[in-house]
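**Q** Mind looking over this structure? Questions follow.
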Amino acid sequence: MAILNQISIFIIFFSWMVMIVSAQLRTYPVPSGGSESIVFAPDGGFYVGVNDGRILRYRGSRAGWINFAYASPNRTSSLCDGTTDLELGSICGRTLGLGYHYATKQLYMADAYHGLCVVGRKGGVATQLVSIAGGKALKWLDGLEVDQDTGYVYFTDISTIYNLSQLQENIRTGDSTGRLIEYNPTTKNARVLVSGLEAPGGIGVGKNSSFILFSEFSGNRISKYWLKGPKANTKELVMNITSPANIKKTESEEYWVATGLQSPTNMTTGIKINENGTILETVTFGAPYNNTPITEVHEHRGKLFVANFYAVFVGEYKLPG
């Protein structure tokens, strides 16, 4: 069931022209909460991963949410449903990143405890694809994106030392063992593209599959890794920005980034950038987010969908235009 509220959001174009608009917020209450990422189904609705390890699919206002998939083969409803206990992640699972490959109708899952997994169109228990990369176990997967042209899957491993239940230790020590990894579904090989990262999170596939944009939450930056051309296999800084989270590409080859930036009104912010890091739009969200960090801003069919690791709903804004 979706809930509608009338709220105000602020849109700042090109960092200087400010326009205040009124937009209607539609909320989709999520069982268990914690929907860090959103991915849209080709035949309508969308998927989210939640705190208790389930992947849920929203099928519309009448059907609502249905259980779709799980990363953990050992998950039980009696133990896991409704839990927010991170210590149960090895049993229940906790999928943070999602990506859909429309050609094969497969849903890829970056699970913090169970590595890279995939499930078919009927859902159920996912198949684990990768648990080790570069000779090191995957400890804490986060962001994920599928290149729709090549079928390659790109994902981030926040740390080679800490897992999600050790979040505070990861922050306290300033861990910089994160990695950006590529998975080839044909060869079934996983290749570490970049290592030594500070809490890598979001990923955006570049034009013509020529590069990857990726964020570092603790590193406060967005970088570009070149896959093709004269700069292939090198990375470069795109922009410095406070606590960037997920990156989502738009149909016009631009990118929405959920950030830790706070406007003068101390509200949650998302930015739209181009591949060179030029800020094209800044959107500041008011209630019910206020100063609560968001993890994803996803543009879909003229609307902005907002995900939040801490919230018990998915937000949808229909913007004027």
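In the structure tokens, the first chain shown is A, the next is B, and so on; residue numbers restart at 1 for each chain, and ligands run from 1 in the order shown.
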Show me a table, sorted first by chain and then by increasing residue number, of the residues of region 190-279 of chain A having an atom at most 12 Å from region 99-114 of chain A, each with its shortest atom pair and the distance in Å to one decimal, counting only C-alpha atoms and written as a Markdown table.
**A**
| residue | atom | partner | partner_atom | distance |
| --- | --- | --- | --- | --- |
| A:Gly201 | CA | A:Ala110 | CA | 11.0 |
| A:Gly202 | CA | A:Ala110 | CA | 11.5 |
| A:Ile203 | CA | A:Gly99 | CA | 10.6 |
| A:Gly204 | CA | A:Gly99 | CA | 11.2 |
| A:Val205 | CA | A:Gly99 | CA | 11.7 |
| A:Lys248 | CA | A:Gly99 | CA | 10.6 |
**Q** Name the residues of region 12-242 of chain A that come out as helix (DSSP H, G or I) in a backbone DSSP run; write them as a ChimeraX atom specification.
**A** /A:77-80,86-92,164-173,207-209
**Q** Any idea what's packed within 7 Å of Lys224 (chain A), counting only C-alpha atoms, ignoring anything in its chain fewer than 3 positions away? Could you give it as a PyMOL selection string?
**A** chain A and resi 211-214+235-238
**Q** Considering only C-alpha atoms, state which residue in the set A:Leu88, A:Val119, A:Val192, A:Val153 is at the smallest distance from Gly134 (chain A).
**A**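 Closest to Gly134 (chain A), using only C-alpha atoms: A:Val192.
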**Q** Compile the contact shell of Ile38 (chain A) as number ranges by chain: residues with an atom at most 7 Å away, counting only C-alpha atoms, same-chain residues fewer than 5 positions apart removed.
**A** A: 46-48, 98, 307
**Q** Give the strand (DSSP E or B) residues of region 60-141 of chain A, as DSSP finds them on the backbone, and put them as JSON, numbers by chain.
**A** {"A": [65, 66, 67, 68, 69, 70, 95, 96, 97, 98, 99, 100, 101, 106, 107, 108, 109, 110, 111, 115, 116, 117, 118, 119, 124, 125, 127, 128, 129, 130, 132, 133, 136, 137, 141]}
**Q** What is the distance between CA of Gly45 (chain A) and CA of Phe155 (chain A), in Å to one decimal?
**A**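 Interatomic distance, CA of Gly45 (chain A) to CA of Phe155 (chain A): 23.4 Å.
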**Q** Expressed in Å to a single decimal, how great is the separation between CA of Tyr58 (chain A) and CA of Val314 (chain A)?
**A**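 Computing it gives 10.6 Å between the two atoms.
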**Q** I'd like to know which of A:His300, A:Tyr310, A:Thr95, A:Arg179 is closest to Glu251 (chain A), using only C-alpha atoms.
**A** A:His300
**Q** For Leu86 (chain A), work out the shell of residues within 9 Å, counting only C-alpha atoms and skipping chain neighbours fewer than 5 positions away, then give it as an MDAnalysis selection string.
**A** chainID A and resid 51:52 94 164:166
**Q** Give the answer as one residue: which of A:Thr292, A:Gln168, A:Ser159, A:Asn189 has the shortest atom-to-atom distance to Ala133 (chain A), using only C-alpha atoms?
**A**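 Under the stated criterion, the closest residue is A:Asn189.
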